[in-house]
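Peer 1: File input_1.cif follows (mmCIF, N, CA, C and O atoms):
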```cif
data_start
loop_
_atom_site.group_PDB
_atom_site.id
_atom_site.type_symbol
_atom_site.label_atom_id
_atom_site.label_comp_id
_atom_site.auth_asym_id
_atom_site.auth_seq_id
_atom_site.Cartn_x
_atom_site.Cartn_y
_atom_site.Cartn_z
ATOM 1 N N MET A 1 0.849 -1.175 0.000
ATOM 2 C CA MET A 1 0.000 0.000 0.000
ATOM 3 C C MET A 1 0.898 1.241 0.000
ATOM 4 O O MET A 1 1.759 1.379 0.846
ATOM 5 N N SER A 2 0.723 2.104 -0.967
ATOM 6 C CA SER A 2 1.537 3.315 -1.033
ATOM 7 C C SER A 2 1.017 4.346 -0.043
ATOM 8 O O SER A 2 -0.090 4.246 0.459
ATOM 9 N N SER A 3 1.833 5.359 0.225
ATOM 10 C CA SER A 3 1.412 6.400 1.164
ATOM 11 C C SER A 3 0.190 7.153 0.664
ATOM 12 O O SER A 3 -0.580 7.684 1.440
ATOM 13 N N ALA A 4 -0.023 7.181 -0.661
ATOM 14 C CA ALA A 4 -1.195 7.860 -1.215
ATOM 15 C C ALA A 4 -2.472 7.094 -0.917
ATOM 16 O O ALA A 4 -3.555 7.645 -0.998
ATOM 17 N N ASN A 5 -2.354 5.821 -0.563
ATOM 18 C CA ASN A 5 -3.530 5.013 -0.303
ATOM 19 C C ASN A 5 -3.732 4.686 1.172
ATOM 20 O O ASN A 5 -4.574 3.884 1.512
ATOM 21 N N LEU A 6 -2.944 5.287 2.025
ATOM 22 C CA LEU A 6 -3.134 5.047 3.450
ATOM 23 C C LEU A 6 -4.480 5.600 3.887
ATOM 24 O O LEU A 6 -4.941 6.607 3.370
ATOM 25 N N PRO A 7 -5.114 4.932 4.830
ATOM 26 C CA PRO A 7 -6.430 5.416 5.256
ATOM 27 C C PRO A 7 -6.345 6.780 5.931
ATOM 28 O O PRO A 7 -5.416 7.060 6.666
ATOM 29 N N ARG A 8 -7.317 7.604 5.630
ATOM 30 C CA ARG A 8 -7.428 8.920 6.256
ATOM 31 C C ARG A 8 -8.730 8.921 7.037
ATOM 32 O O ARG A 8 -9.783 8.625 6.487
ATOM 33 N N ARG A 9 -8.681 9.210 8.282
ATOM 34 C CA ARG A 9 -9.880 9.232 9.103
ATOM 35 C C ARG A 9 -10.807 10.347 8.654
ATOM 36 O O ARG A 9 -10.364 11.371 8.153
ATOM 37 N N ARG A 10 -12.085 10.145 8.832
ATOM 38 C CA ARG A 10 -13.059 11.183 8.491
ATOM 39 C C ARG A 10 -12.901 12.388 9.407
ATOM 40 O O ARG A 10 -13.261 13.482 9.057
ATOM 41 N N ARG A 11 -12.361 12.163 10.564
ATOM 42 C CA ARG A 11 -12.139 13.274 11.498
ATOM 43 C C ARG A 11 -10.800 13.922 11.151
ATOM 44 O O ARG A 11 -9.758 13.348 11.381
ATOM 45 N N TRP A 12 -10.852 15.104 10.585
ATOM 46 C CA TRP A 12 -9.636 15.772 10.121
ATOM 47 C C TRP A 12 -9.030 16.659 11.192
ATOM 48 O O TRP A 12 -8.106 17.403 10.933
ATOM 49 N N SER A 13 -9.543 16.590 12.426
ATOM 50 C CA SER A 13 -9.052 17.460 13.491
ATOM 51 C C SER A 13 -7.570 17.243 13.769
ATOM 52 O O SER A 13 -6.898 18.144 14.235
ATOM 53 N N THR A 14 -7.036 16.077 13.448
ATOM 54 C CA THR A 14 -5.616 15.840 13.679
ATOM 55 C C THR A 14 -4.756 16.723 12.780
ATOM 56 O O THR A 14 -3.592 16.942 13.059
ATOM 57 N N LEU A 15 -5.337 17.237 11.709
ATOM 58 C CA LEU A 15 -4.596 18.132 10.825
ATOM 59 C C LEU A 15 -4.709 19.579 11.277
ATOM 60 O O LEU A 15 -4.044 20.445 10.746
ATOM 61 N N GLY A 16 -5.596 19.844 12.225
ATOM 62 C CA GLY A 16 -5.725 21.188 12.761
ATOM 63 C C GLY A 16 -6.674 22.092 12.001
ATOM 64 O O GLY A 16 -6.779 23.266 12.306
ATOM 65 N N LYS A 17 -7.350 21.576 10.985
ATOM 66 C CA LYS A 17 -8.295 22.399 10.238
ATOM 67 C C LYS A 17 -9.283 21.499 9.519
ATOM 68 O O LYS A 17 -9.083 20.293 9.411
ATOM 69 N N ARG A 18 -10.361 22.104 9.029
ATOM 70 C CA ARG A 18 -11.351 21.375 8.237
ATOM 71 C C ARG A 18 -11.045 21.608 6.763
ATOM 72 O O ARG A 18 -10.783 22.734 6.354
ATOM 73 N N VAL A 19 -11.074 20.534 5.994
ATOM 74 C CA VAL A 19 -10.862 20.651 4.555
ATOM 75 C C VAL A 19 -12.024 19.992 3.832
ATOM 76 O O VAL A 19 -12.736 19.164 4.396
ATOM 77 N N GLN A 20 -12.216 20.373 2.590
ATOM 78 C CA GLN A 20 -13.237 19.756 1.761
ATOM 79 C C GLN A 20 -12.548 18.936 0.688
ATOM 80 O O GLN A 20 -11.624 19.416 0.036
ATOM 81 N N LEU A 21 -13.003 17.707 0.522
ATOM 82 C CA LEU A 21 -12.444 16.835 -0.497
ATOM 83 C C LEU A 21 -13.493 16.587 -1.566
ATOM 84 O O LEU A 21 -14.631 16.268 -1.247
ATOM 85 N N PRO A 22 -13.115 16.712 -2.837
ATOM 86 C CA PRO A 22 -14.071 16.376 -3.894
ATOM 87 C C PRO A 22 -14.298 14.866 -3.917
ATOM 88 O O PRO A 22 -13.420 14.079 -3.549
ATOM 89 N N ALA A 23 -15.469 14.458 -4.339
ATOM 90 C CA ALA A 23 -15.805 13.035 -4.373
ATOM 91 C C ALA A 23 -14.814 12.236 -5.204
ATOM 92 O O ALA A 23 -14.565 11.061 -4.921
ATOM 93 N N GLY A 24 -14.201 12.855 -6.203
ATOM 94 C CA GLY A 24 -13.275 12.158 -7.082
ATOM 95 C C GLY A 24 -12.012 11.655 -6.412
ATOM 96 O O GLY A 24 -11.312 10.814 -6.970
ATOM 97 N N VAL A 25 -11.667 12.148 -5.226
ATOM 98 C CA VAL A 25 -10.458 11.673 -4.546
ATOM 99 C C VAL A 25 -10.752 10.486 -3.639
ATOM 100 O O VAL A 25 -9.836 9.848 -3.135
ATOM 101 N N ILE A 26 -12.019 10.155 -3.441
ATOM 102 C CA ILE A 26 -12.374 9.034 -2.578
ATOM 103 C C ILE A 26 -12.265 7.737 -3.366
ATOM 104 O O ILE A 26 -12.848 7.590 -4.427
ATOM 105 N N GLU A 27 -11.465 6.810 -2.838
ATOM 106 C CA GLU A 27 -11.303 5.510 -3.481
ATOM 107 C C GLU A 27 -12.322 4.501 -2.963
ATOM 108 O O GLU A 27 -12.904 3.752 -3.716
ATOM 109 N N ARG A 28 -12.497 4.479 -1.660
ATOM 110 C CA ARG A 28 -13.499 3.588 -1.069
ATOM 111 C C ARG A 28 -13.776 4.028 0.359
ATOM 112 O O ARG A 28 -12.991 4.761 0.957
ATOM 113 N N ILE A 29 -14.884 3.530 0.886
ATOM 114 C CA ILE A 29 -15.279 3.844 2.259
ATOM 115 C C ILE A 29 -15.534 2.535 2.980
ATOM 116 O O ILE A 29 -16.290 1.689 2.507
ATOM 117 N N ASP A 30 -14.874 2.369 4.114
ATOM 118 C CA ASP A 30 -15.082 1.197 4.961
ATOM 119 C C ASP A 30 -15.975 1.648 6.108
ATOM 120 O O ASP A 30 -15.506 2.263 7.061
ATOM 121 N N THR A 31 -17.262 1.378 5.989
ATOM 122 C CA THR A 31 -18.206 1.857 7.004
ATOM 123 C C THR A 31 -18.007 1.165 8.344
ATOM 124 O O THR A 31 -18.202 1.783 9.386
ATOM 125 N N ALA A 32 -17.596 -0.083 8.333
ATOM 126 C CA ALA A 32 -17.371 -0.799 9.588
ATOM 127 C C ALA A 32 -16.226 -0.176 10.380
ATOM 128 O O ALA A 32 -16.308 -0.036 11.605
ATOM 129 N N ALA A 33 -15.170 0.200 9.683
ATOM 130 C CA ALA A 33 -14.016 0.810 10.346
ATOM 131 C C ALA A 33 -14.128 2.332 10.432
ATOM 132 O O ALA A 33 -13.260 2.981 10.998
ATOM 133 N N GLU A 34 -15.203 2.882 9.827
ATOM 134 C CA GLU A 34 -15.392 4.340 9.762
ATOM 135 C C GLU A 34 -14.157 5.025 9.190
ATOM 136 O O GLU A 34 -13.634 5.990 9.739
ATOM 137 N N THR A 35 -13.686 4.486 8.060
ATOM 138 C CA THR A 35 -12.480 4.975 7.416
ATOM 139 C C THR A 35 -12.768 5.285 5.950
ATOM 140 O O THR A 35 -13.445 4.515 5.273
ATOM 141 N N VAL A 36 -12.248 6.417 5.497
ATOM 142 C CA VAL A 36 -12.366 6.801 4.101
ATOM 143 C C VAL A 36 -10.972 6.704 3.484
ATOM 144 O O VAL A 36 -10.014 7.265 4.015
ATOM 145 N N TYR A 37 -10.850 5.993 2.376
ATOM 146 C CA TYR A 37 -9.579 5.853 1.673
ATOM 147 C C TYR A 37 -9.578 6.825 0.499
ATOM 148 O O TYR A 37 -10.527 6.878 -0.277
ATOM 149 N N VAL A 38 -8.526 7.620 0.394
ATOM 150 C CA VAL A 38 -8.442 8.635 -0.645
ATOM 151 C C VAL A 38 -7.159 8.469 -1.446
ATOM 152 O O VAL A 38 -6.213 7.828 -0.995
ATOM 153 N N ASN A 39 -7.144 9.079 -2.647
ATOM 154 C CA ASN A 39 -5.961 8.991 -3.498
ATOM 155 C C ASN A 39 -5.113 10.260 -3.395
ATOM 156 O O ASN A 39 -4.571 10.736 -4.383
ATOM 157 N N ARG A 40 -5.000 10.778 -2.199
ATOM 158 C CA ARG A 40 -4.153 11.934 -1.897
ATOM 159 C C ARG A 40 -3.302 11.608 -0.680
ATOM 160 O O ARG A 40 -3.700 10.818 0.170
ATOM 161 N N THR A 41 -2.130 12.234 -0.593
ATOM 162 C CA THR A 41 -1.279 12.028 0.573
ATOM 163 C C THR A 41 -1.768 12.901 1.721
ATOM 164 O O THR A 41 -2.526 13.851 1.521
ATOM 165 N N LYS A 42 -1.302 12.575 2.894
ATOM 166 C CA LYS A 42 -1.652 13.375 4.075
ATOM 167 C C LYS A 42 -1.179 14.818 3.875
ATOM 168 O O LYS A 42 -1.887 15.760 4.223
ATOM 169 N N ASP A 43 -0.002 15.005 3.303
ATOM 170 C CA ASP A 43 0.511 16.361 3.071
ATOM 171 C C ASP A 43 -0.349 17.130 2.079
ATOM 172 O O ASP A 43 -0.567 18.327 2.243
ATOM 173 N N GLN A 44 -0.836 16.462 1.034
ATOM 174 C CA GLN A 44 -1.704 17.144 0.073
ATOM 175 C C GLN A 44 -2.990 17.613 0.749
ATOM 176 O O GLN A 44 -3.470 18.702 0.479
ATOM 177 N N ILE A 45 -3.535 16.791 1.606
ATOM 178 C CA ILE A 45 -4.747 17.178 2.323
ATOM 179 C C ILE A 45 -4.434 18.280 3.325
ATOM 180 O O ILE A 45 -5.177 19.247 3.455
ATOM 181 N N LYS A 46 -3.325 18.157 4.002
ATOM 182 C CA LYS A 46 -2.921 19.162 4.992
ATOM 183 C C LYS A 46 -2.708 20.530 4.334
ATOM 184 O O LYS A 46 -3.030 21.562 4.910
ATOM 185 N N ASP A 47 -2.205 20.553 3.106
ATOM 186 C CA ASP A 47 -1.938 21.802 2.402
ATOM 187 C C ASP A 47 -3.157 22.360 1.658
ATOM 188 O O ASP A 47 -3.089 23.428 1.066
ATOM 189 N N ALA A 48 -4.264 21.630 1.684
ATOM 190 C CA ALA A 48 -5.483 22.066 0.990
ATOM 191 C C ALA A 48 -6.053 23.325 1.644
ATOM 192 O O ALA A 48 -5.813 23.580 2.828
ATOM 193 N N PRO A 49 -6.808 24.107 0.879
ATOM 194 C CA PRO A 49 -7.444 25.292 1.470
ATOM 195 C C PRO A 49 -8.370 24.882 2.607
ATOM 196 O O PRO A 49 -9.036 23.849 2.543
ATOM 197 N N GLU A 50 -8.396 25.697 3.639
ATOM 198 C CA GLU A 50 -9.273 25.420 4.775
ATOM 199 C C GLU A 50 -10.730 25.667 4.400
ATOM 200 O O GLU A 50 -11.046 26.621 3.693
ATOM 201 N N PHE A 51 -11.606 24.786 4.851
ATOM 202 C CA PHE A 51 -13.029 24.931 4.581
ATOM 203 C C PHE A 51 -13.664 25.807 5.645
ATOM 204 O O PHE A 51 -13.515 25.564 6.843
ATOM 205 N N GLU A 52 -14.345 26.859 5.203
ATOM 206 C CA GLU A 52 -15.040 27.767 6.105
ATOM 207 C C GLU A 52 -16.522 27.754 5.743
ATOM 208 O O GLU A 52 -16.915 28.261 4.687
ATOM 209 N N GLU A 53 -17.324 27.180 6.609
ATOM 210 C CA GLU A 53 -18.738 26.994 6.303
ATOM 211 C C GLU A 53 -19.462 28.308 6.023
ATOM 212 O O GLU A 53 -20.299 28.380 5.122
ATOM 213 N N ALA A 54 -19.141 29.364 6.734
ATOM 214 C CA ALA A 54 -19.805 30.655 6.527
ATOM 215 C C ALA A 54 -19.528 31.194 5.120
ATOM 216 O O ALA A 54 -20.420 31.746 4.475
ATOM 217 N N ARG A 55 -18.311 31.047 4.641
ATOM 218 C CA ARG A 55 -17.980 31.504 3.287
ATOM 219 C C ARG A 55 -18.633 30.627 2.236
ATOM 220 O O ARG A 55 -19.047 31.098 1.181
ATOM 221 N N TYR A 56 -18.711 29.344 2.501
ATOM 222 C CA TYR A 56 -19.340 28.405 1.559
ATOM 223 C C TYR A 56 -20.790 28.808 1.293
ATOM 224 O O TYR A 56 -21.245 28.804 0.161
ATOM 225 N N ALA A 57 -21.497 29.186 2.336
ATOM 226 C CA ALA A 57 -22.907 29.560 2.201
ATOM 227 C C ALA A 57 -23.084 30.936 1.565
ATOM 228 O O ALA A 57 -24.067 31.187 0.878
ATOM 229 N N GLY A 58 -22.118 31.815 1.763
ATOM 230 C CA GLY A 58 -22.295 33.199 1.332
ATOM 231 C C GLY A 58 -21.610 33.611 0.047
ATOM 232 O O GLY A 58 -21.888 34.680 -0.482
ATOM 233 N N GLU A 59 -20.702 32.809 -0.466
ATOM 234 C CA GLU A 59 -19.947 33.187 -1.659
ATOM 235 C C GLU A 59 -20.089 32.105 -2.729
ATOM 236 O O GLU A 59 -19.519 31.030 -2.609
ATOM 237 N N PRO A 60 -20.815 32.393 -3.791
ATOM 238 C CA PRO A 60 -21.044 31.392 -4.838
ATOM 239 C C PRO A 60 -19.762 30.848 -5.469
ATOM 240 O O PRO A 60 -19.730 29.716 -5.924
ATOM 241 N N THR A 61 -18.706 31.628 -5.520
ATOM 242 C CA THR A 61 -17.461 31.182 -6.168
ATOM 243 C C THR A 61 -16.466 30.569 -5.182
ATOM 244 O O THR A 61 -15.348 30.233 -5.563
ATOM 245 N N TYR A 62 -16.871 30.400 -3.944
ATOM 246 C CA TYR A 62 -15.961 29.894 -2.910
ATOM 247 C C TYR A 62 -15.367 28.526 -3.269
ATOM 248 O O TYR A 62 -14.191 28.270 -3.041
ATOM 249 N N LEU A 63 -16.157 27.644 -3.866
ATOM 250 C CA LEU A 63 -15.674 26.298 -4.187
ATOM 251 C C LEU A 63 -14.624 26.282 -5.288
ATOM 252 O O LEU A 63 -13.904 25.297 -5.441
ATOM 253 N N GLU A 64 -14.500 27.376 -6.036
ATOM 254 C CA GLU A 64 -13.513 27.418 -7.117
ATOM 255 C C GLU A 64 -12.097 27.192 -6.616
ATOM 256 O O GLU A 64 -11.291 26.563 -7.287
ATOM 257 N N GLN A 65 -11.756 27.697 -5.414
ATOM 258 C CA GLN A 65 -10.405 27.510 -4.893
ATOM 259 C C GLN A 65 -10.110 26.030 -4.651
ATOM 260 O O GLN A 65 -8.999 25.567 -4.858
ATOM 261 N N PHE A 66 -11.113 25.266 -4.238
ATOM 262 C CA PHE A 66 -10.913 23.840 -4.035
ATOM 263 C C PHE A 66 -10.747 23.130 -5.373
ATOM 264 O O PHE A 66 -9.910 22.255 -5.513
ATOM 265 N N GLY A 67 -11.555 23.532 -6.343
ATOM 266 C CA GLY A 67 -11.439 22.958 -7.680
ATOM 267 C C GLY A 67 -10.064 23.182 -8.277
ATOM 268 O O GLY A 67 -9.468 22.283 -8.871
ATOM 269 N N ARG A 68 -9.532 24.395 -8.105
ATOM 270 C CA ARG A 68 -8.184 24.694 -8.611
ATOM 271 C C ARG A 68 -7.141 23.847 -7.889
ATOM 272 O O ARG A 68 -6.236 23.291 -8.505
ATOM 273 N N TYR A 69 -7.257 23.738 -6.567
ATOM 274 C CA TYR A 69 -6.272 22.992 -5.787
ATOM 275 C C TYR A 69 -6.240 21.520 -6.191
ATOM 276 O O TYR A 69 -5.178 20.934 -6.361
ATOM 277 N N TYR A 70 -7.408 20.931 -6.345
ATOM 278 C CA TYR A 70 -7.485 19.510 -6.662
ATOM 279 C C TYR A 70 -7.478 19.226 -8.165
ATOM 280 O O TYR A 70 -7.552 18.078 -8.586
ATOM 281 N N GLY A 71 -7.426 20.277 -8.990
ATOM 282 C CA GLY A 71 -7.404 20.082 -10.435
ATOM 283 C C GLY A 71 -8.733 19.584 -10.974
ATOM 284 O O GLY A 71 -8.773 18.881 -11.977
ATOM 285 N N GLN A 72 -9.807 19.967 -10.297
ATOM 286 C CA GLN A 72 -11.152 19.575 -10.722
ATOM 287 C C GLN A 72 -12.006 20.837 -10.751
ATOM 288 O O GLN A 72 -12.660 21.180 -9.777
ATOM 289 N N PRO A 73 -11.989 21.540 -11.874
ATOM 290 C CA PRO A 73 -12.634 22.857 -11.934
ATOM 291 C C PRO A 73 -14.141 22.860 -11.731
ATOM 292 O O PRO A 73 -14.713 23.892 -11.469
ATOM 293 N N HIS A 74 -14.794 21.722 -11.820
ATOM 294 C CA HIS A 74 -16.257 21.705 -11.693
ATOM 295 C C HIS A 74 -16.695 21.004 -10.432
ATOM 296 O O HIS A 74 -17.535 20.131 -10.447
ATOM 297 N N MET A 75 -16.138 21.386 -9.323
ATOM 298 C CA MET A 75 -16.514 20.762 -8.049
ATOM 299 C C MET A 75 -17.923 21.102 -7.690
ATOM 300 O O MET A 75 -18.415 22.133 -7.851
#
```
Would you put the structure from the file into structure tokens?
Peer 2:
Amino acid sequence: MSSANLPRRRRWSTLGKRVQLPAGVIERIDTAAETVYVNRTKDQIKDAPEFEEARYAGEPTYLEQFGRYYGQPHM
């Protein structure tokens, strides 16, 4: 298993911030273990833009920064 496929917990508090992941980075979900497997490294997720719920609701173009970061312009 490569480092890009290591399990990432749904609780991102260990990274110190909330991030939003596009559905395209999810490889599989193990509901029994409550684990989401993604095709990104821990550092890539850690360096992602922080998710701010207030901005998400109030700014229609807010998701564009996530699309640019993940290379998925139509998030």
Peer 1: Just say which residues the PyMOL selection byres ((chain A and resi 48) around 8) picks in this file, as a list in words.
Peer 2: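 When the PyMOL selection byres ((chain A and resi 48) around 8) is applied to the shown file, the picked residues are Lys17, Arg18, Val19, Gln20, Thr41, Lys42, Asp43, Gln44, Ile45, Lys46, Asp47, Pro49, Glu50, Phe51, Gln65, Phe66, Tyr69 and Tyr70 of chain A.
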Peer 1: How many Å lie between atom C of Pro60 in chain A and atom N of Val36 in chain A, rounded to one decimal?
Peer 2: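 A separation of 27.8 Å between them.
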Peer 1: Measure the distance from CA of Ala23 in chain A to CA of Gly71 in chain A in Å and round it to one decimal.
Peer 2: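 Calculated distance between CA of Ala23 in chain A and CA of Gly71 in chain A is 12.5 Å.
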Peer 1: Looking only at strand (DSSP E or B) from DSSP on the backbone, list the matching residues of range 27-66 of chain A as an MDAnalysis selection string.
Peer 2: chainID A and resid 27:30 35:38 50
Peer 1: Write to file, as a PDB file, keeping the file's coordinate frame, the residues of the selection just made, with N, CA, C and O atoms.
Peer 2:
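And here is the file that came out, out_23.pdb:
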```pdb
ATOM      1  N   GLU A  27     -11.465   6.810  -2.838  1.00  0.00           N
ATOM      2  CA  GLU A  27     -11.303   5.510  -3.481  1.00  0.00           C
ATOM      3  C   GLU A  27     -12.322   4.501  -2.963  1.00  0.00           C
ATOM      4  O   GLU A  27     -12.904   3.752  -3.716  1.00  0.00           O
ATOM      5  N   ARG A  28     -12.497   4.479  -1.660  1.00  0.00           N
ATOM      6  CA  ARG A  28     -13.499   3.588  -1.069  1.00  0.00           C
ATOM      7  C   ARG A  28     -13.776   4.028   0.359  1.00  0.00           C
ATOM      8  O   ARG A  28     -12.991   4.761   0.957  1.00  0.00           O
ATOM      9  N   ILE A  29     -14.884   3.530   0.886  1.00  0.00           N
ATOM     10  CA  ILE A  29     -15.279   3.844   2.259  1.00  0.00           C
ATOM     11  C   ILE A  29     -15.534   2.535   2.980  1.00  0.00           C
ATOM     12  O   ILE A  29     -16.290   1.689   2.507  1.00  0.00           O
ATOM     13  N   ASP A  30     -14.874   2.369   4.114  1.00  0.00           N
ATOM     14  CA  ASP A  30     -15.082   1.197   4.961  1.00  0.00           C
ATOM     15  C   ASP A  30     -15.975   1.648   6.108  1.00  0.00           C
ATOM     16  O   ASP A  30     -15.506   2.263   7.061  1.00  0.00           O
ATOM     17  N   THR A  35     -13.686   4.486   8.060  1.00  0.00           N
ATOM     18  CA  THR A  35     -12.480   4.975   7.416  1.00  0.00           C
ATOM     19  C   THR A  35     -12.768   5.285   5.950  1.00  0.00           C
ATOM     20  O   THR A  35     -13.445   4.515   5.273  1.00  0.00           O
ATOM     21  N   VAL A  36     -12.248   6.417   5.497  1.00  0.00           N
ATOM     22  CA  VAL A  36     -12.366   6.801   4.101  1.00  0.00           C
ATOM     23  C   VAL A  36     -10.972   6.704   3.484  1.00  0.00           C
ATOM     24  O   VAL A  36     -10.014   7.265   4.015  1.00  0.00           O
ATOM     25  N   TYR A  37     -10.850   5.993   2.376  1.00  0.00           N
ATOM     26  CA  TYR A  37      -9.579   5.853   1.673  1.00  0.00           C
ATOM     27  C   TYR A  37      -9.578   6.825   0.499  1.00  0.00           C
ATOM     28  O   TYR A  37     -10.527   6.878  -0.277  1.00  0.00           O
ATOM     29  N   VAL A  38      -8.526   7.620   0.394  1.00  0.00           N
ATOM     30  CA  VAL A  38      -8.442   8.635  -0.645  1.00  0.00           C
ATOM     31  C   VAL A  38      -7.159   8.469  -1.446  1.00  0.00           C
ATOM     32  O   VAL A  38      -6.213   7.828  -0.995  1.00  0.00           O
ATOM     33  N   GLU A  50      -8.396  25.697   3.639  1.00  0.00           N
ATOM     34  CA  GLU A  50      -9.273  25.420   4.775  1.00  0.00           C
ATOM     35  C   GLU A  50     -10.730  25.667   4.400  1.00  0.00           C
ATOM     36  O   GLU A  50     -11.046  26.621   3.693  1.00  0.00           O
TER      37      GLU A  50
END
```
Peer 1: For Arg40 in chain A, which residue among A:Glu59, A:Glu64, A:Glu27, A:Glu53 is the nearest when counting only C-alpha atoms?
Peer 2: A:Glu27
Peer 1: With distances taken over only C-alpha atoms, which of A:Ala57, A:Tyr62, A:Val38, A:Gly67 is nearest to Ile26 in chain A?
Peer 2: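 Answer, going by the shortest atom-to-atom distance: A:Val38.
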Peer 1: Around range 18-37 of chain A, with edges along x, y and z and 8 Å added on all six sides, what centre and edge lengths do you get, in Å to one decimal, as lines of an AutoDock Vina configuration file?
Peer 2:
```
center_x = -13.9
center_y = 11.0
center_z = 2.3
size_x = 24.6
size_y = 39.5
size_z = 34.7
```
